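One structure below.
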Amino acid sequence: MPRPASPARSIKPARRTSASYERQEAKAALLFILPAFALLALFIFYPMLQALWISFRHYNLISAESAFAGFGNYRKLLGDDAFLASLRHAFYFTVVVLPVQTAISLGLALLIQRKFRGVGFFRTVYFLPVAVSFAIASTIFRLIYNKDYGMLNIVLKGLGLPVLDFLSNPNISMWGIIILCIWRAMGFVMIIFLAGLNNIPDYLYEAAHVDGAGPFQRFFYVTVPLLKRTLAFVVIITTMDALKIFIPIYITTSGGPAGSTSTVVHFIYETAFKQMNMGYAAAAAFLFFLLVLAISAVQLRLFRSDVEY
Amino acid sequence: MRHMRKPIGFTLRWATLLLVAVVSLFPIYWMVMSSFRTHDEIFRYTELGRGLFLPVDWTLQNYRDIFLDPAKPFGRYLLNTLSVALVVTAAGLLVNAMAAFSFAKLRFPFKKGLLALFLSSLVIPYEVIMIPQYLLMRDLGWINSYKALIFPQIVWVFGIFMLIQFFADIPRDILDAARMDGARWPRIFGVIVLPAAVPALITLGIMTFLNQWDSFLWPLVVINEEQRQVIQVAISSFQSLRGISWGKIMAATTISSVPILAVFVLLQRYYVQGITMSGVKG
Amino acid sequence: MKKKWPLTLGILLAIGGLSACGDSNGNDAEAGASGSQAADGEVVELSFWRHDYAPEAEALKKLIASFEESHKNIKINFQMIPNDQYETKIRTALAGGNPPDIMALDAPTLASYAAQKAIIPLDDYFAKDGSKDDLLKPVIEGLTYDGKMYAAPNNEGTIVMFYNKKMFEEKGIPLPSKNVDEAWTWDQVLDAAKKLNDPAKGVYGWNPTPWGFVGHEGAPYSEMAFLWQAGAEILSPDGTTAKGYLDSAESKQALTFWKGLFNTDKVSPKELPQDAFWNGKVAIHVDGPFAFQYQEQNFPNFKLGEDYDVAPLWKDKKMIGTTGSWGMAITSKSEHPDEAWEFVNWVTGVEGSKVWYQETKNLPARQSTFDAFDELKAYPMNIYAEQLAKYGHPRPVTPAYPAISEAIRQLFEDVGLGNADVDESLAKAVKKVEDGIATLGKE
């Protein structure tokens, strides 16, 4: 008789302990999150809800009154060529920047990961563009890009190469923005990769080497799998950021030439602050929000086992 | 790496290193050199030659102009920005690290949903919540106050998301062991997690600081007093409709990049490392 | 909570509006006396925002100092806002219901503020002591919306042709007349530009817009003149539509000419470099009167009369020069509109205008200022003055102006930079303006 009772008795207190452990842990977890959540709720989510409310109204930025618009703003957006073009431009930008920037940053991180003479110099130099504000970097590039008098084209001409008229040729203007953005961001992403790379224990490389793996095999069988989580993080964040690209466009091209670099956020900013059509801008923002949310959800799912969430 | 011993690999590697360095430096070099030029010289040279790469008439006038203009106290703007950025960075590191630890290591209900909600704040274009945020500041009476520059900036979901990736490397066993020894979670966080995450925190700290140093639109709208304004707004005021003081802009930007670079160089030792728990890594 | 705040805003605005009206009526009698409220010993603080431009800021600081000297009961808090973001800042503040008492505005944006009752009409004040008769006709026209005047002008503005004299002489091109009735036609300018154009030296013949294809008002300001000169209009006379006006045959002709400048004749720079004219990279240029001061400060060796000269703007079927500049308006949220007017009138009134001219060399908005300075009757300022008086044309005053400005800017950019089809671009522009009228035109 005592036999079956004994395991039950011995399990029971353990269960209780683990249950209370769990409860305590959940409580602690929520308390840890609370400050961030409170700030987020007040300063981001509450304004977001208001913006959502605005998106259903005919809302002039500076007017006191607004009228209910239902889905009017949303319906109109779906037929608005300028909005759809701005979406296309944002996606084009992202589809290029995401792989190129990620590859360059990872390449740089690999190049300067190992210690060698001068590594500190290169690390600092690659990070240098990050230290220049984005707005100023954009201004500098605008001057450097000038077709006739910009430093870039003077040098190209001097070397007998064709001129790149990024600021006035709608066919290549987006590439001007892309180069600028990659130039500015690669050092930043490189650091994230460096941190990830330095987390890979040396003995794994050594073991691979002992097993006769060449550099490429080591990269694909050791580095890539162990870097997946960092990679996932970089991909998700870069996608979100790239789709929202705005400041360099506002400063270098104002969406031109001939509208070729107008992205969604540029469209939203123009609509809200220049045209003062806040309701329409808010609706555009939420359509965009849903779209990006869907993309991020897919990415998170693809990286499910890798990214920590 | 061993394969770099081969001469071709070696050359290729150094060629790449140098090429990227030149590309990184070129625009900044141009900026710094322009800051030592007179206004009419900045755009004068349009052919390859010495004048294109080096100032012909070296001058410190631009620097003198920005620091000695009593109407626009540049030193004051630097200090303003520095204090705001430091407060946001310090507060942000604590708040974001706490949240990240919770998401990364603790078990609680609705974790995924909550994190997804957090992440959604990264997706909405800021430009559209700026107006409601401004109305909130008005209702709180924070217009023209540094509170408006600090509190809404503390929580940064990008930072939380990044720290989660770092914290994931801390083995759960260590935490459980400490828990068995009777340590409470705040203690575990303070004594085990934070010290191990110093490099990660420094990396995030640099990024937060940088982000604040760069902030422009928000201070522009909420601060109504020139004496309280921040650096980026001050720099943009050198551009007017009828003329742009390029020399001053270049000088101001050169100066304003120095603190970031100083922080970066001083802390280089740390930020490249991941979680350091040598020996206990699972 | 969600629905409460706009309502609160509405109530606040209504109260603000009512009290503003009340004040302006009730205090009429004593508003003239500057010390009317000083008896209470209470100092009224007024905030005033304007976009940042050093010479103008200096002038304002002087005027503020003299104003505070003679109005001990009023203190002015003057804020300069970076130019690029001035409108974002002011509109955010208006949206939040806490704008400054006095705001600077560019003439054509006035209607969109007035239509939303963000600023108050100044007619009563002008009638009392604003010396309205002294203001130039196109100035009044440009600041009047719905029969009421909503801003007081700091100055007027227009643009004329600048040309590099030495380059003209080198090529043996006869210099253009300085008589505003004998302006060069587009074809004359184009002929000269073709001769002056020198791609090998990086010299462009003709830059037809002061700042090139920029994202701000500077571009449409000069581009509109081309439409009007060709005989086109932007809106119907009642301002309700652009159809049949902006897409008229005359518009098409103007845009075809424009397209040629950049794409077939290639005499105009698609990317205007900084200071191109002053560096001898552009032979024919267009600019405002502030250009002289800019040149003196930044290019002291490039001299008027030796290196360059000015002539009236070009013409086509008609001679027209766009006009309009910045003025000061009083917001409906101001609790002290009377004191605000005291200040506005101090800066923009008969005496203030003279100080303003002396400091900024902007084209005056008042006849009395023109009369007070002989230099305004002499070259080069006389060209601005005469062109303004005879051929000035303000930009359209309509709440839809932000849409018009953007539509015109994009139209000329599409055709000039993008080499786009004129008809298609015009159809796009008309649609944008119509959209703007539908959303912004509502009161």
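A note on labels: chains of the structure tokens are A, B, ... as shown, every chain counts residues from 1, and ligands are counted from 1 in their shown order.
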Using only C-alpha atoms, what table do you get, as a Markdown table, when you list each residue of chain B with an atom no more than 10 Å from chain C, its nearest pair of atoms, and their distance in Å rounded to one decimal, rows by chain then rising number?
```
| residue | atom | partner | partner_atom | distance |
| --- | --- | --- | --- | --- |
| B:Thr38 | CA | C:Asn298 | CA | 8.7 |
| B:His39 | CA | C:Asn298 | CA | 6.3 |
| B:Asp40 | CA | C:Asn298 | CA | 6.2 |
| B:Glu41 | CA | C:Asn279 | CA | 9.3 |
| B:Ile42 | CA | C:Gln274 | CA | 9.1 |
| B:Phe43 | CA | C:Gln274 | CA | 6.7 |
| B:Arg44 | CA | C:Asn279 | CA | 6.5 |
| B:Tyr45 | CA | C:Asn279 | CA | 9.7 |
| B:Thr46 | CA | C:Gly202 | CA | 8.7 |
| B:Ala71 | CA | C:Glu58 | CA | 9.8 |
| B:Met130 | CA | C:Thr92 | CA | 8.7 |
| B:Ile131 | CA | C:Thr92 | CA | 6.5 |
| B:Pro132 | CA | C:Gly96 | CA | 8.6 |
| B:Gln133 | CA | C:Gly96 | CA | 9.8 |
| B:Tyr134 | CA | C:Gly96 | CA | 6.8 |
| B:Leu135 | CA | C:Gly96 | CA | 5.3 |
| B:Leu136 | CA | C:Gly96 | CA | 9.0 |
| B:Met137 | CA | C:Gly96 | CA | 9.3 |
| B:Arg138 | CA | C:Gly96 | CA | 7.0 |
| B:Asp139 | CA | C:Gly96 | CA | 9.4 |
| B:Ile143 | CA | C:Asn98 | CA | 9.4 |
| B:Leu217 | CA | C:Gln85 | CA | 8.4 |
| B:Trp218 | CA | C:Lys89 | CA | 9.5 |
| B:Leu220 | CA | C:Lys89 | CA | 6.9 |
| B:Val221 | CA | C:Lys89 | CA | 5.2 |
| B:Val222 | CA | C:Lys89 | CA | 8.6 |
| B:Ile223 | CA | C:Lys89 | CA | 9.9 |
| B:Asn224 | CA | C:Gln79 | CA | 7.2 |
| B:Glu225 | CA | C:Gln79 | CA | 6.8 |
| B:Glu226 | CA | C:Gln79 | CA | 6.7 |
| B:Val233 | CA | C:Pro82 | CA | 7.1 |
| B:Ala234 | CA | C:Pro82 | CA | 7.8 |
| B:Ile235 | CA | C:Pro82 | CA | 8.7 |
| B:Ser236 | CA | C:Pro82 | CA | 6.0 |
| B:Ser237 | CA | C:Pro82 | CA | 4.2 |
| B:Phe238 | CA | C:Pro82 | CA | 7.6 |
| B:Gln239 | CA | C:Asn83 | CA | 6.8 |
| B:Ser240 | CA | C:Asn83 | CA | 5.2 |
| B:Leu241 | CA | C:Asn83 | CA | 6.3 |
| B:Arg242 | CA | C:Tyr53 | CA | 7.7 |
| B:Gly243 | CA | C:Tyr294 | CA | 7.4 |
| B:Ile244 | CA | C:Gln274 | CA | 8.9 |
| B:Ser245 | CA | C:Asn298 | CA | 9.5 |
| B:Trp246 | CA | C:Gln274 | CA | 9.7 |
```
Only C-alpha atoms, please: the residues just picked out, written as a PDB file, in the first residue's frame.
```pdb
ATOM      1  CA  THR B  38      36.502  79.180 -47.989  1.00  0.00           C
ATOM      2  CA  HIS B  39      32.961  79.257 -49.332  1.00  0.00           C
ATOM      3  CA  ASP B  40      33.854  80.147 -52.903  1.00  0.00           C
ATOM      4  CA  GLU B  41      36.459  77.419 -53.014  1.00  0.00           C
ATOM      5  CA  ILE B  42      34.278  74.450 -52.127  1.00  0.00           C
ATOM      6  CA  PHE B  43      32.764  74.038 -55.569  1.00  0.00           C
ATOM      7  CA  ARG B  44      35.379  75.751 -57.672  1.00  0.00           C
ATOM      8  CA  TYR B  45      37.625  72.879 -58.639  1.00  0.00           C
ATOM      9  CA  THR B  46      36.072  70.620 -61.206  1.00  0.00           C
ATOM     10  CA  ALA B  71      23.211  83.718 -31.666  1.00  0.00           C
ATOM     11  CA  MET B 130       4.602  62.038 -34.799  1.00  0.00           C
ATOM     12  CA  ILE B 131       1.490  64.212 -34.725  1.00  0.00           C
ATOM     13  CA  PRO B 132      -0.379  62.114 -32.131  1.00  0.00           C
ATOM     14  CA  GLN B 133       2.849  61.892 -30.137  1.00  0.00           C
ATOM     15  CA  TYR B 134       3.131  65.652 -30.273  1.00  0.00           C
ATOM     16  CA  LEU B 135      -0.452  66.017 -29.034  1.00  0.00           C
ATOM     17  CA  LEU B 136       0.423  63.695 -26.163  1.00  0.00           C
ATOM     18  CA  MET B 137       3.408  65.857 -25.250  1.00  0.00           C
ATOM     19  CA  ARG B 138       1.145  68.861 -25.268  1.00  0.00           C
ATOM     20  CA  ASP B 139      -1.324  67.139 -22.946  1.00  0.00           C
ATOM     21  CA  ILE B 143       6.486  70.729 -25.077  1.00  0.00           C
ATOM     22  CA  LEU B 217      12.748  65.789 -36.632  1.00  0.00           C
ATOM     23  CA  TRP B 218      11.413  65.175 -33.144  1.00  0.00           C
ATOM     24  CA  LEU B 220      12.827  70.171 -34.114  1.00  0.00           C
ATOM     25  CA  VAL B 221       9.106  69.981 -33.415  1.00  0.00           C
ATOM     26  CA  VAL B 222       9.014  69.680 -29.638  1.00  0.00           C
ATOM     27  CA  ILE B 223      11.747  72.125 -28.641  1.00  0.00           C
ATOM     28  CA  ASN B 224      10.733  75.735 -29.079  1.00  0.00           C
ATOM     29  CA  GLU B 225      13.695  77.483 -27.610  1.00  0.00           C
ATOM     30  CA  GLU B 226      16.915  77.901 -29.507  1.00  0.00           C
ATOM     31  CA  VAL B 233      18.754  70.963 -35.770  1.00  0.00           C
ATOM     32  CA  ALA B 234      21.476  73.548 -35.327  1.00  0.00           C
ATOM     33  CA  ILE B 235      23.423  72.132 -38.239  1.00  0.00           C
ATOM     34  CA  SER B 236      20.417  72.160 -40.503  1.00  0.00           C
ATOM     35  CA  SER B 237      19.892  75.823 -39.702  1.00  0.00           C
ATOM     36  CA  PHE B 238      22.997  76.602 -41.737  1.00  0.00           C
ATOM     37  CA  GLN B 239      20.928  75.807 -44.798  1.00  0.00           C
ATOM     38  CA  SER B 240      18.555  78.536 -45.771  1.00  0.00           C
ATOM     39  CA  LEU B 241      16.434  79.007 -48.835  1.00  0.00           C
ATOM     40  CA  ARG B 242      18.755  81.531 -50.373  1.00  0.00           C
ATOM     41  CA  GLY B 243      22.139  80.236 -49.529  1.00  0.00           C
ATOM     42  CA  ILE B 244      23.770  77.345 -47.810  1.00  0.00           C
ATOM     43  CA  SER B 245      26.806  77.892 -45.625  1.00  0.00           C
ATOM     44  CA  TRP B 246      28.552  74.750 -46.760  1.00  0.00           C
TER      45      TRP B 246
END
```
Select from stretch 18-252 of chain A everything DSSP, run on the backbone, classes as strand (DSSP E), then give the selection as number ranges by chain. A: 57-59, 66-68
Which residues of chain A sit at most 6 Å from chain C, using only C-alpha atoms? Give each one's shortest atom pair and distance in Å (one decimal place), in chain and ascending residue order, as a tab-separated table.
```
residue	atom	partner	partner_atom	distance
A:Leu61	CA	C:Ala95	CA	5.8
A:Ile62	CA	C:Ala95	CA	4.4
A:Ser63	CA	C:Gln116	CA	5.3
A:Ala64	CA	C:Gly10	CA	5.0
A:Ser168	CA	C:Leu417	CA	5.9
A:Ser254	CA	C:Gly215	CA	5.2
A:Ala258	CA	C:Asp414	CA	4.3
A:Phe273	CA	C:Thr88	CA	5.8
A:Gln275	CA	C:Pro402	CA	5.5
```
Write a file of the selected residues as a PDB file, in the first residue's frame, keeping C-alpha atoms.
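In the end it all went to again16.pdb:
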```pdb
ATOM      1  CA  LEU A  61      -3.476  68.381 -40.494  1.00  0.00           C
ATOM      2  CA  ILE A  62      -4.131  71.843 -39.102  1.00  0.00           C
ATOM      3  CA  SER A  63      -7.894  71.742 -38.934  1.00  0.00           C
ATOM      4  CA  ALA A  64      -9.893  71.355 -35.761  1.00  0.00           C
ATOM      5  CA  SER A 168      18.893  63.483 -62.723  1.00  0.00           C
ATOM      6  CA  SER A 254      12.983  64.789 -52.801  1.00  0.00           C
ATOM      7  CA  ALA A 258      10.543  62.433 -62.110  1.00  0.00           C
ATOM      8  CA  PHE A 273       3.005  67.706 -43.997  1.00  0.00           C
ATOM      9  CA  GLN A 275      -0.494  68.452 -48.599  1.00  0.00           C
TER      10      GLN A 275
END
```
Quick one: distance from atom CA of C:Ser177 to atom CA of C:Ile284 in Å, one decimal? 14.1 Å
Enumerate the residues of stretch 55-293 of chain C with a DSSP assignment of helix (DSSP H, G or I), computed from the backbone, and present them as a ChimeraX atom specification. /C:55-70,83-95,107-115,123-129,132-134,137-142,165-170,180-182,186-196,199-201,218-229,249-263,290-293
With C-alpha atoms retained, could you export that selection as a short mmCIF file (atom, residue, chain, number, x, y, z; two decimals), in the first residue's frame?
```cif
data_model
loop_
_atom_site.label_atom_id
_atom_site.label_comp_id
_atom_site.auth_asym_id
_atom_site.auth_seq_id
_atom_site.Cartn_x
_atom_site.Cartn_y
_atom_site.Cartn_z
CA PRO C 55 20.52 88.62 -42.87
CA GLU C 56 16.79 88.61 -42.23
CA ALA C 57 17.24 87.32 -38.70
CA GLU C 58 19.61 90.21 -38.01
CA ALA C 59 17.06 92.69 -39.34
CA LEU C 60 14.35 91.18 -37.18
CA LYS C 61 16.50 91.26 -34.09
CA LYS C 62 17.07 94.98 -34.63
CA LEU C 63 13.37 95.60 -35.13
CA ILE C 64 12.51 93.53 -32.07
CA ALA C 65 15.00 95.49 -29.96
CA SER C 66 13.56 98.82 -31.04
CA PHE C 67 10.02 97.52 -30.57
CA GLU C 68 10.66 96.30 -27.04
CA GLU C 69 12.36 99.60 -26.29
CA SER C 70 9.21 101.54 -27.10
CA ASN C 83 14.32 76.66 -43.41
CA ASP C 84 13.80 73.18 -44.78
CA GLN C 85 11.57 72.14 -41.93
CA TYR C 86 9.87 75.40 -41.13
CA GLU C 87 6.53 74.32 -42.46
CA THR C 88 6.67 70.91 -40.81
CA LYS C 89 7.32 72.60 -37.50
CA ILE C 90 4.66 75.26 -37.81
CA ARG C 91 2.04 72.81 -39.05
CA THR C 92 2.76 70.37 -36.24
CA ALA C 93 2.33 73.21 -33.77
CA LEU C 94 -0.92 74.26 -35.46
CA ALA C 95 -2.10 70.65 -35.33
CA ALA C 107 2.20 84.23 -49.42
CA PRO C 108 0.49 81.37 -51.28
CA THR C 109 0.31 79.07 -48.25
CA LEU C 110 -1.82 81.69 -46.56
CA ALA C 111 -5.11 80.47 -48.03
CA SER C 112 -4.69 76.95 -46.68
CA TYR C 113 -4.15 78.36 -43.18
CA ALA C 114 -6.97 80.89 -43.54
CA ALA C 115 -9.42 78.27 -44.83
CA ASP C 123 -8.50 93.99 -42.23
CA ASP C 124 -9.67 95.84 -39.11
CA TYR C 125 -6.11 96.39 -38.04
CA PHE C 126 -5.06 97.49 -41.50
CA ALA C 127 -7.95 99.92 -41.63
CA LYS C 128 -6.92 101.39 -38.31
CA ASP C 129 -3.19 101.95 -38.64
CA LYS C 132 -2.79 99.62 -46.51
CA ASP C 133 -2.94 102.19 -49.34
CA ASP C 134 0.80 102.29 -49.26
CA LYS C 137 -1.40 96.14 -55.56
CA PRO C 138 0.06 92.69 -56.38
CA VAL C 139 1.17 92.38 -52.77
CA ILE C 140 -2.36 92.94 -51.47
CA GLU C 141 -3.73 90.59 -54.09
CA GLY C 142 -1.31 87.87 -53.04
CA LYS C 165 28.76 89.75 -69.13
CA LYS C 166 32.25 88.59 -69.96
CA MET C 167 30.95 85.43 -71.61
CA PHE C 168 28.50 87.45 -73.69
CA GLU C 169 31.25 89.77 -74.84
CA GLU C 170 33.58 86.87 -75.62
CA VAL C 180 11.56 96.02 -68.73
CA ASP C 181 9.39 96.67 -71.80
CA GLU C 182 12.09 95.22 -74.03
CA TRP C 186 12.44 82.82 -75.01
CA ASP C 187 13.87 82.34 -78.48
CA GLN C 188 16.33 85.17 -78.07
CA VAL C 189 17.54 83.74 -74.79
CA LEU C 190 17.74 80.27 -76.29
CA ASP C 191 19.79 81.54 -79.24
CA ALA C 192 22.25 83.20 -76.93
CA ALA C 193 22.30 80.14 -74.68
CA LYS C 194 23.22 77.88 -77.58
CA LYS C 195 26.17 80.09 -78.39
CA LEU C 196 27.24 80.29 -74.75
CA PRO C 199 30.04 71.34 -72.53
CA ALA C 200 33.79 70.87 -72.86
CA LYS C 201 34.35 73.57 -70.27
CA GLY C 218 11.90 77.72 -55.21
CA ALA C 219 11.28 75.52 -58.24
CA PRO C 220 7.56 76.13 -58.97
CA TYR C 221 8.07 79.84 -58.25
CA SER C 222 10.05 80.32 -61.43
CA GLU C 223 8.40 77.52 -63.42
CA MET C 224 4.94 79.06 -63.16
CA ALA C 225 6.22 82.12 -64.98
CA PHE C 226 6.82 79.98 -68.08
CA LEU C 227 3.18 78.88 -68.09
CA TRP C 228 1.85 82.38 -67.67
CA GLN C 229 4.24 83.84 -70.23
CA ALA C 249 -2.46 74.26 -75.75
CA GLU C 250 -0.42 77.15 -74.33
CA SER C 251 0.74 75.02 -71.41
CA LYS C 252 1.78 72.30 -73.80
CA GLN C 253 3.80 74.78 -75.78
CA ALA C 254 5.55 76.07 -72.67
CA LEU C 255 6.38 72.56 -71.50
CA THR C 256 7.58 71.46 -74.90
CA PHE C 257 9.96 74.39 -74.90
CA TRP C 258 11.06 73.49 -71.37
CA LYS C 259 11.60 69.89 -72.35
CA GLY C 260 13.81 71.00 -75.23
CA LEU C 261 16.02 73.11 -72.98
CA PHE C 262 17.08 70.07 -71.00
CA ASN C 263 16.82 67.25 -73.50
CA PHE C 290 18.88 89.00 -52.39
CA ALA C 291 21.41 87.56 -54.83
CA PHE C 292 23.49 90.74 -54.73
CA GLN C 293 24.06 90.48 -51.02
#
```
Exercise: A:Ala232 partners within 12 Å, only C-alpha atoms, chain neighbours under 5 positions left out, as a PyMOL selection string: (chain A and resi 98+102+192-193+196+224-227+237-239+296+298-309) or (chain B and resi 161-162+165)
Go through C:Asn382, C:Pro289, C:Asp238, C:Gly321 and flag the residue nearest C:Tyr357, using only C-alpha atoms for the distances.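 Under the stated criterion, the closest residue is C:Pro289.
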Find the residues around A:Cys181 up to 12 Å (only C-alpha atoms counted), leave out those fewer than 5 positions away in its own chain, and share them as an mmCIF file with N, CA and C atoms, in the first residue's frame.
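Result written to result20.cif:
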```
data_model
loop_
_atom_site.group_PDB
_atom_site.id
_atom_site.type_symbol
_atom_site.label_atom_id
_atom_site.label_comp_id
_atom_site.auth_asym_id
_atom_site.auth_seq_id
_atom_site.Cartn_x
_atom_site.Cartn_y
_atom_site.Cartn_z
ATOM 1 N N PHE A 93 14.003 49.027 -53.676
ATOM 2 C CA PHE A 93 15.126 49.418 -52.822
ATOM 3 C C PHE A 93 15.501 48.279 -51.879
ATOM 4 N N THR A 94 14.478 47.707 -51.238
ATOM 5 C CA THR A 94 14.728 46.680 -50.228
ATOM 6 C C THR A 94 15.282 45.396 -50.847
ATOM 7 N N VAL A 96 17.088 45.049 -53.338
ATOM 8 C CA VAL A 96 18.512 45.195 -53.656
ATOM 9 C C VAL A 96 19.352 45.308 -52.390
ATOM 10 N N VAL A 97 18.928 46.199 -51.501
ATOM 11 C CA VAL A 97 19.752 46.489 -50.328
ATOM 12 C C VAL A 97 19.910 45.268 -49.428
ATOM 13 N N LEU A 98 18.831 44.529 -49.231
ATOM 14 C CA LEU A 98 18.879 43.421 -48.275
ATOM 15 C C LEU A 98 20.014 42.432 -48.574
ATOM 16 N N VAL A 100 22.574 42.663 -50.818
ATOM 17 C CA VAL A 100 23.879 43.282 -51.069
ATOM 18 C C VAL A 100 24.510 43.778 -49.773
ATOM 19 N N GLN A 101 23.728 44.505 -49.013
ATOM 20 C CA GLN A 101 24.270 45.067 -47.783
ATOM 21 C C GLN A 101 24.642 43.965 -46.798
ATOM 22 N N PRO A 129 31.610 55.934 -41.418
ATOM 23 C CA PRO A 129 30.382 56.495 -42.007
ATOM 24 C C PRO A 129 29.211 56.521 -41.035
ATOM 25 N N VAL A 130 29.186 55.570 -40.105
ATOM 26 C CA VAL A 130 28.079 55.531 -39.152
ATOM 27 C C VAL A 130 28.115 56.748 -38.241
ATOM 28 N N SER A 133 26.031 61.860 -39.311
ATOM 29 C CA SER A 133 24.577 61.748 -39.273
ATOM 30 C C SER A 133 24.032 61.443 -40.676
ATOM 31 N N PHE A 134 22.926 60.715 -40.687
ATOM 32 C CA PHE A 134 22.357 60.284 -41.966
ATOM 33 C C PHE A 134 21.998 61.485 -42.842
ATOM 34 N N ALA A 135 21.479 62.501 -42.213
ATOM 35 C CA ALA A 135 21.087 63.688 -42.975
ATOM 36 C C ALA A 135 22.307 64.331 -43.626
ATOM 37 N N ALA A 137 25.218 62.870 -44.181
ATOM 38 C CA ALA A 137 25.766 61.958 -45.179
ATOM 39 C C ALA A 137 25.021 62.126 -46.497
ATOM 40 N N SER A 138 23.720 62.271 -46.416
ATOM 41 C CA SER A 138 22.919 62.448 -47.628
ATOM 42 C C SER A 138 23.296 63.741 -48.339
ATOM 43 N N PHE A 141 26.576 63.286 -50.098
ATOM 44 C CA PHE A 141 26.449 62.493 -51.324
ATOM 45 C C PHE A 141 25.785 63.291 -52.439
ATOM 46 N N MET A 174 17.685 55.480 -58.190
ATOM 47 C CA MET A 174 17.530 54.672 -56.985
ATOM 48 C C MET A 174 18.859 54.045 -56.579
ATOM 49 N N TRP A 175 19.700 53.769 -57.566
ATOM 50 C CA TRP A 175 21.005 53.182 -57.238
ATOM 51 C C TRP A 175 21.880 54.155 -56.473
ATOM 52 N N GLY A 176 21.709 55.427 -56.767
ATOM 53 C CA GLY A 176 22.434 56.436 -56.001
ATOM 54 C C GLY A 176 22.053 56.350 -54.531
ATOM 55 N N MET A 186 26.789 49.814 -43.691
ATOM 56 C CA MET A 186 27.541 48.552 -43.667
ATOM 57 C C MET A 186 28.390 48.395 -42.401
ATOM 58 N N GLY A 187 28.926 49.488 -41.884
ATOM 59 C CA GLY A 187 29.732 49.402 -40.682
ATOM 60 C C GLY A 187 28.905 48.968 -39.482
ATOM 61 N N PHE A 188 27.702 49.463 -39.446
ATOM 62 C CA PHE A 188 26.765 49.151 -38.367
ATOM 63 C C PHE A 188 26.432 47.655 -38.362
ATOM 64 N N VAL A 189 26.057 47.144 -39.523
ATOM 65 C CA VAL A 189 25.695 45.732 -39.624
ATOM 66 C C VAL A 189 26.935 44.855 -39.408
ATOM 67 N N THR A 238 16.921 44.682 -41.238
ATOM 68 C CA THR A 238 17.240 45.400 -42.475
ATOM 69 C C THR A 238 15.986 45.556 -43.340
ATOM 70 N N ASP A 241 13.790 48.296 -41.884
ATOM 71 C CA ASP A 241 14.405 49.606 -42.051
ATOM 72 C C ASP A 241 14.425 50.046 -43.508
ATOM 73 N N ALA A 242 14.744 49.101 -44.390
ATOM 74 C CA ALA A 242 14.874 49.455 -45.803
ATOM 75 C C ALA A 242 13.513 49.839 -46.378
ATOM 76 N N ILE A 245 12.675 53.453 -45.793
ATOM 77 C CA ILE A 245 13.710 54.428 -46.180
ATOM 78 C C ILE A 245 13.087 55.794 -46.501
ATOM 79 N N PHE A 246 13.681 56.849 -45.926
ATOM 80 C CA PHE A 246 13.102 58.180 -46.131
ATOM 81 C C PHE A 246 14.129 59.310 -46.146
ATOM 82 N N ILE A 247 14.877 59.441 -45.061
ATOM 83 C CA ILE A 247 15.733 60.630 -44.906
ATOM 84 C C ILE A 247 16.656 60.888 -46.106
ATOM 85 N N PRO A 248 17.416 59.887 -46.568
ATOM 86 C CA PRO A 248 18.308 60.182 -47.698
ATOM 87 C C PRO A 248 17.536 60.605 -48.943
ATOM 88 N N ILE A 249 16.349 60.059 -49.095
ATOM 89 C CA ILE A 249 15.562 60.431 -50.263
ATOM 90 C C ILE A 249 15.069 61.862 -50.141
ATOM 91 N N THR A 252 18.403 63.998 -50.717
ATOM 92 C CA THR A 252 19.140 64.005 -51.983
ATOM 93 C C THR A 252 18.251 64.294 -53.184
ATOM 94 N N SER B 24 34.936 54.021 -47.880
ATOM 95 C CA SER B 24 34.377 54.524 -46.626
ATOM 96 C C SER B 24 34.870 55.929 -46.325
#
```
Excluding B:Pro219 and its own-chain neighbours fewer than 4 positions away, which residues fall within 10 Å of it when counting only C-alpha atoms? Please give them as a ChimeraX atom specification. /B:143-146,148-149,215,223-224,228-233
Quick one: residues within 9 Å of B:Ser102, only C-alpha atoms counted, chain neighbours fewer than 6 positions away excluded, as a list of chain:residue names?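 Selected residues are A:Ala28, A:Ala29, A:Leu30, A:Leu31, A:Phe32, A:Ile33, B:Phe108, B:Ile164.
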So, with only C-alpha atoms as the atoms that count, which of A:Lys244, A:Lys76, A:Arg117, A:Arg57 lies closest to chain B?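 Of all the options, A:Lys244 lies closest to chain B.
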Could you work out which residues of chain A fall inside 7 Å of chain B? Count only C-alpha atoms, and format the result as a PyMOL selection string. chain A and resi 25-26+28-29+32-33+35-36+39-40+43-44+47-48+50-51+122+124-126+129+131-133+140+149+154-155+158+183+191+194-196+198-199+215+240+244+265+269+282+285+289+292-293+308-309
